[in-house]
>>> print(open('target.csv').read())   # CSV, C-alpha atoms and all ligand atoms
chain,number,residue,atom,x,y,z
A,1,MET,CA,-3.1,-19.1,-17.6
A,2,TYR,CA,-2.7,-15.5,-16.4
A,3,ARG,CA,0.8,-15.4,-17.9
A,4,THR,CA,-0.6,-16.4,-21.3
A,5,LEU,CA,-3.5,-13.9,-21.0
A,6,PHE,CA,-1.0,-11.2,-20.1
A,7,ALA,CA,1.5,-12.0,-22.8
A,8,LEU,CA,-1.1,-12.3,-25.6
A,9,VAL,CA,-3.8,-9.8,-24.6
A,10,LEU,CA,-3.3,-7.5,-21.7
A,11,ARG,CA,0.1,-6.1,-22.6
A,12,ARG,CA,-1.1,-5.1,-26.0
A,13,PHE,CA,-3.5,-2.6,-24.5
A,14,ASP,CA,-2.6,0.7,-22.9
A,15,ALA,CA,-1.7,0.1,-19.3
A,16,GLU,CA,-4.1,2.7,-17.8
A,17,THR,CA,-7.0,1.4,-19.9
A,18,VAL,CA,-6.4,-2.1,-18.5
A,19,HIS,CA,-6.1,-0.6,-15.0
A,20,HIS,CA,-9.5,1.2,-15.2
A,21,LEU,CA,-11.2,-1.9,-16.6
A,22,THR,CA,-9.7,-4.0,-13.8
A,23,VAL,CA,-10.9,-1.5,-11.1
A,24,ARG,CA,-14.4,-1.6,-12.7
A,25,ALA,CA,-14.4,-5.4,-12.6
A,26,PHE,CA,-13.4,-5.3,-8.9
A,27,ALA,CA,-16.0,-2.6,-8.2
A,28,LEU,CA,-18.6,-4.8,-9.8
A,29,LEU,CA,-17.5,-7.8,-7.8
A,30,SER,CA,-17.8,-5.6,-4.6
A,31,ALA,CA,-21.4,-5.0,-5.5
A,32,LEU,CA,-22.3,-8.7,-5.9
A,33,PRO,CA,-22.9,-10.0,-2.4
A,34,LEU,CA,-23.1,-13.7,-3.1
A,35,VAL,CA,-20.2,-13.9,-5.5
A,36,LYS,CA,-17.9,-11.8,-3.3
A,37,ARG,CA,-18.8,-13.9,-0.2
A,38,TRP,CA,-18.2,-17.1,-2.2
A,39,LEU,CA,-14.8,-15.9,-3.5
A,40,TYR,CA,-13.9,-14.6,-0.1
A,41,LYS,CA,-14.5,-18.0,1.5
A,42,ALA,CA,-12.4,-19.7,-1.2
A,43,LEU,CA,-9.5,-17.2,-1.5
A,44,ALA,CA,-9.2,-15.0,1.6
A,45,PRO,CA,-6.7,-16.1,4.2
A,46,GLN,CA,-8.6,-18.4,6.6
A,47,ASP,CA,-5.7,-20.0,8.5
A,48,PRO,CA,-5.7,-18.6,12.1
A,49,ALA,CA,-1.9,-19.0,12.1
A,50,LEU,CA,-1.7,-16.2,9.5
A,51,ARG,CA,-3.5,-13.6,11.6
A,52,VAL,CA,-1.6,-10.5,12.7
A,53,SER,CA,-2.6,-7.6,14.9
A,54,ALA,CA,-1.0,-4.3,14.5
A,55,PHE,CA,-2.0,-0.9,16.2
A,56,GLY,CA,-5.1,-2.6,17.5
A,57,VAL,CA,-6.4,-3.7,14.1
A,58,HIS,CA,-6.7,-7.4,13.3
A,59,PHE,CA,-5.6,-8.6,9.9
A,60,PRO,CA,-6.5,-12.1,8.5
A,61,GLY,CA,-3.0,-12.3,6.8
A,62,PRO,CA,0.1,-10.2,6.5
A,63,LEU,CA,-0.1,-9.4,2.8
A,64,GLY,CA,-2.2,-6.4,1.6
A,65,LEU,CA,-2.7,-4.3,-1.5
A,66,ALA,CA,-0.5,-1.1,-1.6
A,67,ALA,CA,-2.0,2.3,-2.3
A,68,GLY,CA,-2.5,3.4,-5.9
A,69,PHE,CA,-4.7,0.6,-7.3
A,70,ASP,CA,-8.0,1.5,-5.6
A,71,LYS,CA,-7.4,5.3,-5.7
A,72,GLU,CA,-11.1,6.1,-5.2
A,73,ALA,CA,-12.0,3.6,-2.6
A,74,ALA,CA,-14.3,1.9,-5.1
A,75,CYS,CA,-13.4,-1.8,-4.9
A,76,ALA,CA,-11.8,-2.7,-1.6
A,77,GLU,CA,-14.2,-5.6,-1.0
A,78,GLY,CA,-13.6,-7.1,-4.4
A,79,VAL,CA,-9.9,-7.0,-3.8
A,80,ALA,CA,-10.2,-8.5,-0.3
A,81,ALA,CA,-12.3,-11.3,-1.9
A,82,VAL,CA,-9.4,-12.5,-4.0
A,83,GLY,CA,-7.1,-12.9,-1.0
A,84,PHE,CA,-5.5,-9.6,0.2
A,85,GLY,CA,-5.4,-9.2,4.0
A,86,HIS,CA,-6.0,-5.5,3.7
A,87,VAL,CA,-6.5,-2.8,1.1
A,88,GLU,CA,-4.9,0.6,1.3
A,89,VAL,CA,-7.1,3.0,-0.7
A,90,GLY,CA,-5.9,6.3,-2.2
A,91,THR,CA,-3.9,8.4,-2.5
A,92,ILE,CA,-6.9,10.7,-1.8
A,93,THR,CA,-6.5,14.5,-1.8
A,94,ALA,CA,-8.7,17.0,-0.1
A,95,HIS,CA,-9.9,18.4,-3.4
A,96,GLY,CA,-10.6,16.4,-6.5
A,97,GLN,CA,-8.0,16.7,-9.3
A,98,PRO,CA,-7.4,15.1,-12.7
A,99,GLY,CA,-3.8,14.1,-12.3
A,100,ASN,CA,-1.1,14.3,-15.0
A,101,PRO,CA,-1.9,14.1,-18.7
A,102,ARG,CA,-1.9,10.6,-20.2
A,103,PRO,CA,0.0,8.5,-21.0
A,104,ARG,CA,1.2,8.3,-17.4
A,105,LEU,CA,1.4,4.6,-16.7
A,106,PHE,CA,4.0,2.3,-18.4
A,107,ARG,CA,4.9,-1.3,-18.1
A,108,GLU,CA,8.5,-2.4,-18.1
A,109,VAL,CA,7.7,-6.1,-18.7
A,110,ALA,CA,11.3,-7.4,-19.0
A,111,GLU,CA,12.1,-5.8,-15.6
A,112,ARG,CA,8.8,-6.9,-14.0
A,113,ALA,CA,8.4,-3.2,-13.2
A,114,VAL,CA,6.0,-0.4,-13.8
A,115,VAL,CA,6.6,3.4,-14.1
A,116,ASN,CA,3.8,5.8,-13.2
A,117,ARG,CA,3.4,9.5,-13.1
A,118,MET,CA,-0.4,9.4,-12.3
A,119,GLY,CA,-0.2,12.5,-10.0
A,120,PHE,CA,-3.0,11.6,-7.5
A,121,ASN,CA,-5.9,11.6,-10.0
A,122,ASN,CA,-9.0,11.3,-7.7
A,123,ALA,CA,-12.4,12.8,-7.0
A,124,GLY,CA,-11.4,14.2,-3.6
A,125,ALA,CA,-11.9,13.3,0.0
A,126,ALA,CA,-15.7,13.9,0.2
A,127,ALA,CA,-16.4,11.6,-2.7
A,128,ALA,CA,-14.2,8.9,-1.3
A,129,ALA,CA,-15.9,9.3,2.1
A,130,ARG,CA,-19.3,8.6,0.5
A,131,ARG,CA,-17.9,5.3,-0.8
A,132,LEU,CA,-16.2,4.4,2.4
A,133,ARG,CA,-19.5,4.9,4.3
A,134,ARG,CA,-21.3,2.2,2.4
A,135,THR,CA,-21.8,-0.8,4.7
A,136,ARG,CA,-19.2,-3.4,4.1
A,137,GLY,CA,-20.4,-6.9,3.4
A,138,LEU,CA,-17.0,-8.4,4.0
A,139,PRO,CA,-14.7,-7.9,7.0
A,140,VAL,CA,-12.1,-6.0,5.0
A,141,VAL,CA,-9.4,-3.9,6.7
A,142,VAL,CA,-9.2,-0.6,4.8
A,143,GLY,CA,-6.3,1.8,5.2
A,144,VAL,CA,-6.8,5.3,3.8
A,145,ASN,CA,-3.8,7.0,2.3
A,146,ILE,CA,-3.9,10.8,2.0
A,147,GLY,CA,-1.8,13.3,0.0
A,148,LYS,CA,-1.5,16.9,-0.8
A,149,THR,CA,-3.8,18.6,-3.4
A,150,LYS,CA,-1.5,19.7,-6.3
A,151,VAL,CA,-2.6,23.3,-6.4
A,152,VAL,CA,-2.1,23.8,-2.7
A,153,PRO,CA,1.3,25.5,-1.9
A,154,GLU,CA,3.7,23.8,0.4
A,155,SER,CA,3.1,26.5,3.1
A,156,GLU,CA,-0.6,25.3,3.3
A,157,ALA,CA,0.1,21.6,3.0
A,158,ALA,CA,-0.6,20.8,6.7
A,159,ALA,CA,-4.1,22.4,6.5
A,160,ASP,CA,-4.8,20.5,3.3
A,161,TYR,CA,-3.9,17.1,4.9
A,162,VAL,CA,-5.9,18.1,7.9
A,163,THR,CA,-9.0,18.6,5.7
A,164,SER,CA,-8.6,15.1,4.3
A,165,ALA,CA,-7.9,13.6,7.7
A,166,ARG,CA,-11.1,15.2,9.2
A,167,ILE,CA,-13.2,13.7,6.4
A,168,LEU,CA,-11.5,10.3,6.2
A,169,ALA,CA,-9.9,9.4,9.5
A,170,PRO,CA,-13.3,8.4,11.1
A,171,LEU,CA,-13.8,6.0,8.2
A,172,ALA,CA,-10.4,4.4,8.1
A,173,ASP,CA,-9.0,1.4,9.9
A,174,TYR,CA,-5.7,3.2,9.7
A,175,LEU,CA,-4.6,6.5,8.1
A,176,VAL,CA,-1.4,7.1,6.1
A,177,VAL,CA,0.2,10.4,5.4
A,178,ASN,CA,1.8,10.0,2.0
A,179,VAL,CA,4.7,12.5,1.6
A,180,SER,CA,6.7,10.3,-0.8
A,181,SER,CA,5.0,10.1,-4.2
A,182,PRO,CA,7.3,11.6,-6.9
A,183,ASN,CA,4.5,12.9,-9.1
A,184,THR,CA,3.2,15.9,-7.1
A,185,PRO,CA,5.8,18.7,-7.4
A,186,GLY,CA,7.5,19.4,-4.1
A,187,LEU,CA,5.6,16.7,-2.2
A,188,ARG,CA,8.7,14.8,-1.1
A,189,ASN,CA,10.2,17.9,0.4
A,190,LEU,CA,7.7,17.4,3.1
A,191,GLN,CA,9.7,14.5,4.4
A,192,ALA,CA,12.3,16.9,5.8
A,193,VAL,CA,11.8,16.7,9.5
A,194,GLU,CA,11.2,20.4,10.1
A,195,LEU,CA,8.3,20.4,7.6
A,196,LEU,CA,7.1,16.9,8.6
A,197,ARG,CA,6.9,17.5,12.3
A,198,PRO,CA,4.1,20.1,12.2
A,199,LEU,CA,2.3,18.3,9.4
A,200,LEU,CA,2.2,15.0,11.2
A,201,LYS,CA,1.4,16.6,14.5
A,202,SER,CA,-1.7,18.3,13.1
A,203,VAL,CA,-2.9,15.2,11.3
A,204,LYS,CA,-2.3,13.1,14.5
A,205,ASP,CA,-4.5,15.5,16.5
A,206,VAL,CA,-7.3,14.8,14.1
A,207,ALA,CA,-6.7,11.0,14.0
A,208,ASP,CA,-6.5,10.9,17.8
A,209,ALA,CA,-9.9,12.7,18.1
A,210,THR,CA,-11.9,10.0,16.2
A,211,PRO,CA,-14.1,7.8,18.4
A,212,ARG,CA,-11.7,4.8,17.9
A,213,ARG,CA,-8.5,6.8,17.7
A,214,THR,CA,-7.4,6.1,14.1
A,215,PRO,CA,-3.9,4.7,13.9
A,216,LEU,CA,-1.6,6.9,11.9
A,217,LEU,CA,1.4,5.9,9.7
A,218,VAL,CA,3.7,7.8,7.4
A,219,LYS,CA,4.8,6.5,4.0
A,220,ILE,CA,8.3,7.3,2.9
A,221,ALA,CA,10.4,7.2,-0.3
A,222,PRO,CA,13.2,4.8,-1.1
A,223,ASP,CA,15.3,7.7,-2.3
A,224,LEU,CA,15.7,9.2,1.1
A,225,ALA,CA,19.3,9.3,2.3
A,226,ASP,CA,19.9,6.8,5.1
A,227,GLU,CA,20.3,9.6,7.7
A,228,ASP,CA,16.9,11.0,6.6
A,229,VAL,CA,15.3,7.5,7.0
A,230,ASP,CA,16.6,7.5,10.6
A,231,ALA,CA,15.4,11.1,11.2
A,232,VAL,CA,11.8,10.2,10.0
A,233,ALA,CA,11.9,7.1,12.2
A,234,ASP,CA,13.0,9.1,15.3
A,235,LEU,CA,10.3,11.7,14.5
A,236,ALA,CA,7.6,8.9,14.2
A,237,ILE,CA,8.6,7.7,17.7
A,238,GLU,CA,8.7,11.2,19.1
A,239,LEU,CA,5.2,12.0,17.9
A,240,GLY,CA,3.8,8.6,18.9
A,241,LEU,CA,2.9,7.5,15.4
A,242,ASP,CA,1.8,3.9,14.9
A,243,GLY,CA,4.0,2.9,12.0
A,244,ILE,CA,6.0,3.6,8.9
A,245,ILE,CA,5.3,2.3,5.4
A,246,ALA,CA,8.4,1.8,3.3
A,247,THR,CA,8.6,2.4,0.5
A,248,ASN,CA,7.0,4.3,-2.3
A,249,THR,CA,8.3,4.2,-5.9
A,250,THR,CA,11.8,5.4,-6.8
A,251,ILE,CA,12.8,8.1,-9.2
A,252,ARG,CA,16.3,6.6,-9.6
A,253,HIS,CA,15.9,4.9,-12.9
A,254,GLY,CA,16.5,5.7,-16.6
A,255,GLY,CA,13.1,5.1,-18.1
A,256,GLU,CA,10.0,7.3,-18.5
A,257,THR,CA,9.6,10.1,-16.1
A,258,GLY,CA,7.8,8.9,-13.0
A,259,GLY,CA,8.1,6.5,-10.1
A,260,LEU,CA,9.5,3.0,-10.7
A,261,SER,CA,7.9,0.0,-8.9
A,262,GLY,CA,8.4,-3.7,-9.0
A,263,ARG,CA,11.5,-5.9,-9.1
A,264,PRO,CA,14.1,-3.2,-9.4
A,265,LEU,CA,12.9,-1.6,-6.2
A,266,LYS,CA,13.2,-4.8,-4.1
A,267,ALA,CA,16.8,-4.4,-2.8
A,268,ARG,CA,16.4,-0.8,-1.7
A,269,SER,CA,13.0,-1.4,-0.1
A,270,LEU,CA,14.4,-4.3,1.9
A,271,GLU,CA,17.4,-2.2,2.9
A,272,VAL,CA,15.2,0.6,4.1
A,273,LEU,CA,13.1,-1.9,6.1
A,274,ARG,CA,16.3,-3.3,7.8
A,275,ARG,CA,17.5,0.2,8.6
A,276,LEU,CA,14.2,1.1,10.1
A,277,ARG,CA,14.0,-2.0,12.2
A,278,ALA,CA,17.6,-1.4,13.5
A,279,ARG,CA,16.5,2.1,14.5
A,280,VAL,CA,13.1,1.5,16.1
A,281,GLY,CA,13.0,-2.2,17.0
A,282,ASP,CA,9.4,-3.1,17.6
A,283,ARG,CA,8.3,0.3,18.9
A,284,LEU,CA,6.6,1.0,15.5
A,285,THR,CA,4.7,-1.2,13.1
A,286,LEU,CA,6.8,-1.5,9.9
A,287,VAL,CA,4.9,-2.1,6.7
A,288,SER,CA,7.2,-3.2,3.9
A,289,VAL,CA,6.4,-2.5,0.3
A,290,GLY,CA,8.4,-2.5,-2.9
A,291,GLY,CA,9.3,-5.3,-5.3
A,292,VAL,CA,7.5,-8.0,-3.4
A,293,GLU,CA,7.0,-10.8,-6.0
A,294,ASP,CA,6.5,-14.1,-4.2
A,295,VAL,CA,6.3,-15.9,-0.9
A,296,ASP,CA,10.1,-15.8,-0.5
A,297,ASP,CA,10.0,-12.0,-0.6
A,298,VAL,CA,7.1,-11.8,2.0
A,299,TRP,CA,8.9,-14.2,4.2
A,300,GLU,CA,12.1,-12.2,4.0
A,301,ARG,CA,10.3,-9.0,4.9
A,302,LEU,CA,8.6,-10.6,7.9
A,303,LEU,CA,12.0,-12.0,9.1
A,304,ALA,CA,13.5,-8.5,8.7
A,305,GLY,CA,10.9,-7.0,11.0
A,306,ALA,CA,7.8,-6.1,8.9
A,307,THR,CA,4.5,-6.8,10.6
A,308,LEU,CA,2.6,-6.2,7.3
A,309,VAL,CA,3.8,-6.5,3.7
A,310,GLN,CA,2.2,-4.9,0.7
A,311,GLY,CA,2.4,-5.3,-3.0
A,312,TYR,CA,1.1,-3.8,-6.2
A,313,THR,CA,3.3,-4.5,-9.2
A,314,GLY,CA,3.8,-8.1,-8.1
A,315,TRP,CA,0.1,-8.5,-8.5
A,316,VAL,CA,0.1,-6.9,-11.9
A,317,TYR,CA,2.5,-9.6,-13.1
A,318,GLY,CA,1.4,-12.4,-10.8
A,319,GLY,CA,-2.3,-12.4,-11.7
A,320,PRO,CA,-5.5,-12.0,-9.8
A,321,LEU,CA,-4.9,-14.9,-7.4
A,322,TRP,CA,-1.4,-13.7,-6.4
A,323,ALA,CA,-2.2,-12.8,-2.8
A,324,SER,CA,-4.3,-15.8,-2.1
A,325,ARG,CA,-1.5,-18.1,-3.5
A,326,ILE,CA,1.1,-16.4,-1.3
A,327,HIS,CA,-1.0,-16.6,1.8
A,328,ARG,CA,-1.5,-20.4,1.2
A,329,GLN,CA,2.2,-20.8,0.6
A,330,LEU,CA,2.9,-18.9,3.8
A,331,SER,CA,0.7,-21.2,5.8
A,332,ARG,CA,2.6,-24.2,4.5
A,333,ARG,CA,5.9,-22.6,5.2
A,334,LEU,CA,4.9,-21.8,8.8
A,335,ARG,CA,4.1,-25.4,9.4
A,336,ARG,CA,7.3,-26.6,7.7
A,337,HIS,CA,9.4,-24.5,10.0
A,338,GLY,CA,7.4,-25.4,13.0
A,339,TYR,CA,6.0,-22.0,13.8
A,340,LYS,CA,2.6,-21.7,15.4
A,341,SER,CA,1.9,-18.2,14.2
A,342,ILE,CA,3.2,-15.7,11.6
A,343,THR,CA,3.9,-13.4,14.5
A,344,ASP,CA,6.7,-15.7,15.6
A,345,VAL,CA,8.5,-15.0,12.3
A,346,ILE,CA,8.4,-11.2,12.5
A,347,GLY,CA,11.8,-9.7,13.2
A,348,ARG,CA,13.4,-13.1,13.6
A,349,THR,CA,16.6,-12.2,11.7
A,350,ALA,CA,16.5,-8.5,12.6
B,1,LIG,C1,0.3,2.7,-10.9
B,1,LIG,C2,0.7,3.0,-9.5
B,1,LIG,C3,0.1,4.0,-8.8
B,1,LIG,C4,0.5,4.3,-7.5
B,1,LIG,N1,-0.1,5.2,-6.8
B,1,LIG,C5,0.2,5.4,-5.5
B,1,LIG,C6,-0.5,6.4,-4.7
B,1,LIG,O1,-1.5,7.0,-5.2
B,1,LIG,N2,-0.1,6.6,-3.4
B,1,LIG,C7,0.9,5.9,-2.8
B,1,LIG,O2,1.2,6.1,-1.6
B,1,LIG,N3,1.6,5.0,-3.6
B,1,LIG,C8,1.3,4.7,-4.8
B,1,LIG,N4,2.0,3.8,-5.6
B,1,LIG,C9,3.1,3.1,-4.9
B,1,LIG,C10,2.7,1.8,-4.3
B,1,LIG,O3,1.8,1.9,-3.3
B,1,LIG,C11,4.0,1.1,-3.8
B,1,LIG,O4,4.5,1.8,-2.7
B,1,LIG,C12,5.1,0.9,-4.9
B,1,LIG,O5,4.5,0.6,-6.1
B,1,LIG,C13,6.1,-0.2,-4.5
B,1,LIG,O6,5.4,-1.4,-4.4
B,1,LIG,P1,5.4,-2.5,-5.6
B,1,LIG,O7,6.8,-2.7,-6.1
B,1,LIG,O8,4.8,-3.7,-5.0
B,1,LIG,O9,4.5,-2.0,-6.7
B,1,LIG,C14,1.6,3.5,-6.9
B,1,LIG,C15,2.2,2.5,-7.6
B,1,LIG,C16,1.8,2.2,-8.9
B,1,LIG,C17,2.5,1.1,-9.6
>>> encode(input="target.csv", output="structure tokens")
Amino acid sequence: MYRTLFALVLRRFDAETVHHLTVRAFALLSALPLVKRWLYKALAPQDPALRVSAFGVHFPGPLGLAAGFDKEAACAEGVAAVGFGHVEVGTITAHGQPGNPRPRLFREVAERAVVNRMGFNNAGAAAAARRLRRTRGLPVVVGVNIGKTKVVPESEAAADYVTSARILAPLADYLVVNVSSPNTPGLRNLQAVELLRPLLKSVKDVADATPRRTPLLVKIAPDLADEDVDAVADLAIELGLDGIIATNTTIRHGGETGGLSGRPLKARSLEVLRRLRARVGDRLTLVSVGGVEDVDDVWERLLAGATLVQGYTGWVYGGPLWASRIHRQLSRRLRRHGYKSITDVIGRTA
């Protein structure tokens, strides 16, 4: 049904307009206690065999929504109610900013891909904090992804991230330093270890100082050279980070300017995961994202060493029940293979 709706209706509208309407629908759902509880009961992962723990946080299932959909922390509960095991909100910047001029979001339907050059449009950390402080009616795991405010120069980047971290770390189940989006000029330079070390160190000090010690992860680009992937992995271990999210969108494509996500990213994202696992083993939590479309992809990422898997573009093409469906299929597959828990699958072929 969703395929038909997508083919006949949704794809005829501007992608960003559909995006905003969808976010509003999920924000509305988040505000309807009875409906969201009913949907949560029907669609959220309930099978105890799907539960995973990572960095002290308990997730009802391994598949979560990647950053970029709920940029303003407006609808995490609605998203959890349709079956995602966690929601990563953001990217949020210290100061509000409009992002790049529209159009800035493009579907590549034949490729099952999306190109975006949104540029961290969001109302800023304080506004997001107000939303995150609202009592949650559902037990949803919310990660908070932070990025650099566009007008802040590279030399002041660390202080800008620290401002966001001070405001948001106490409200996050985990915090992500995003240095990998292609749409903020110079952002990805921050992945160079000599710039990344002081940046991550200062954010970690803030995350460590919250009452629960907020877990800290870094999100990297698929376009890093292999040696740079290794260098970031070594740095994450050196600094005592909790994990790495790999990967963001790629700029290696021939379409509209911006970052490409979805099916064409699958191979490189998996490759980066395998490289990270070979480098760090189980000393860090690896979160794999990029081109995940179905249960086979999730299964493959888990086997390759990811503890958690995220998707965004797969959901756009797969429909609202995408995550719920995949979690149900994962349950069945676990049983078929004789595993008692999803944790027995993680890193099996690494
Ligand atoms: C429209 C759009 C906006 C995104 N915005 C962000 C963002 O603000 N911060 C971020 O870390 N990643 C962002 N991403 C990247 C996703 O989180 C994810 O890393 C990437 O899309 C690869 O996963 P996918 O192939 O499942 O979409 C965005 C992706 C899309 C499609």
>>> closest_residue(input="target.csv", among="A:Arg37, A:His20, A:Arg263, A:Arg102", to="ligand LIG 1 (chain B)", atoms="all atoms listed in the file")
A:Arg263
>>> atom_distance(input="target.csv", atom1="CA of Ala110 (chain A)", atom2="CA of Val309 (chain A)")
23.9 Å
>>> residues_near_ligand(input="target.csv", ligand="ligand LIG 1 (chain B)", cutoff="8 Å", atoms="only C-alpha atoms and all ligand atoms", output="mmCIF file with C-alpha atoms, in the frame of the given file")
data_model
loop_
_atom_site.group_PDB
_atom_site.id
_atom_site.type_symbol
_atom_site.label_atom_id
_atom_site.label_comp_id
_atom_site.auth_asym_id
_atom_site.auth_seq_id
_atom_site.Cartn_x
_atom_site.Cartn_y
_atom_site.Cartn_z
ATOM 1 C CA LEU A 65 -2.700 -4.300 -1.500
ATOM 2 C CA ALA A 66 -0.500 -1.100 -1.600
ATOM 3 C CA ALA A 67 -2.000 2.300 -2.300
ATOM 4 C CA GLY A 68 -2.500 3.400 -5.900
ATOM 5 C CA PHE A 69 -4.700 0.600 -7.300
ATOM 6 C CA LYS A 71 -7.400 5.300 -5.700
ATOM 7 C CA GLY A 90 -5.900 6.300 -2.200
ATOM 8 C CA THR A 91 -3.900 8.400 -2.500
ATOM 9 C CA ILE A 92 -6.900 10.700 -1.800
ATOM 10 C CA LEU A 105 1.400 4.600 -16.700
ATOM 11 C CA ALA A 113 8.400 -3.200 -13.200
ATOM 12 C CA VAL A 114 6.000 -0.400 -13.800
ATOM 13 C CA VAL A 115 6.600 3.400 -14.100
ATOM 14 C CA ASN A 116 3.800 5.800 -13.200
ATOM 15 C CA ARG A 117 3.400 9.500 -13.100
ATOM 16 C CA MET A 118 -0.400 9.400 -12.300
ATOM 17 C CA GLY A 119 -0.200 12.500 -10.000
ATOM 18 C CA PHE A 120 -3.000 11.600 -7.500
ATOM 19 C CA ASN A 121 -5.900 11.600 -10.000
ATOM 20 C CA ASN A 145 -3.800 7.000 2.300
ATOM 21 C CA ILE A 146 -3.900 10.800 2.000
ATOM 22 C CA GLY A 147 -1.800 13.300 0.000
ATOM 23 C CA ASN A 178 1.800 10.000 2.000
ATOM 24 C CA VAL A 179 4.700 12.500 1.600
ATOM 25 C CA SER A 180 6.700 10.300 -0.800
ATOM 26 C CA SER A 181 5.000 10.100 -4.200
ATOM 27 C CA LYS A 219 4.800 6.500 4.000
ATOM 28 C CA ALA A 246 8.400 1.800 3.300
ATOM 29 C CA THR A 247 8.600 2.400 0.500
ATOM 30 C CA ASN A 248 7.000 4.300 -2.300
ATOM 31 C CA THR A 249 8.300 4.200 -5.900
ATOM 32 C CA GLY A 259 8.100 6.500 -10.100
ATOM 33 C CA LEU A 260 9.500 3.000 -10.700
ATOM 34 C CA SER A 261 7.900 0.000 -8.900
ATOM 35 C CA GLY A 262 8.400 -3.700 -9.000
ATOM 36 C CA ARG A 263 11.500 -5.900 -9.100
ATOM 37 C CA LEU A 265 12.900 -1.600 -6.200
ATOM 38 C CA LYS A 266 13.200 -4.800 -4.100
ATOM 39 C CA VAL A 289 6.400 -2.500 0.300
ATOM 40 C CA GLY A 290 8.400 -2.500 -2.900
ATOM 41 C CA GLY A 291 9.300 -5.300 -5.300
ATOM 42 C CA VAL A 292 7.500 -8.000 -3.400
ATOM 43 C CA GLU A 293 7.000 -10.800 -6.000
ATOM 44 C CA GLN A 310 2.200 -4.900 0.700
ATOM 45 C CA GLY A 311 2.400 -5.300 -3.000
ATOM 46 C CA TYR A 312 1.100 -3.800 -6.200
ATOM 47 C CA THR A 313 3.300 -4.500 -9.200
ATOM 48 C CA GLY A 314 3.800 -8.100 -8.100
ATOM 49 C CA TRP A 315 0.100 -8.500 -8.500
#
>>> closest_atom_pairs(input="target.csv", of="region 150-194 of chain A", to="region 51-61 of chain A", cutoff="12 Å", atoms="only C-alpha atoms", output="CSV")
residue,atom,partner,partner_atom,distance
A:Ala172,CA,A:Val57,CA,10.8
A:Asp173,CA,A:Val57,CA,7.1
A:Tyr174,CA,A:Val57,CA,8.2
A:Leu175,CA,A:Phe55,CA,11.3
>>> closest_residue(input="target.csv", among="A:Leu29, A:Ala278, A:Ala165, A:Ala81", to="Thr210 (chain A)", atoms="only C-alpha atoms")
A:Ala165
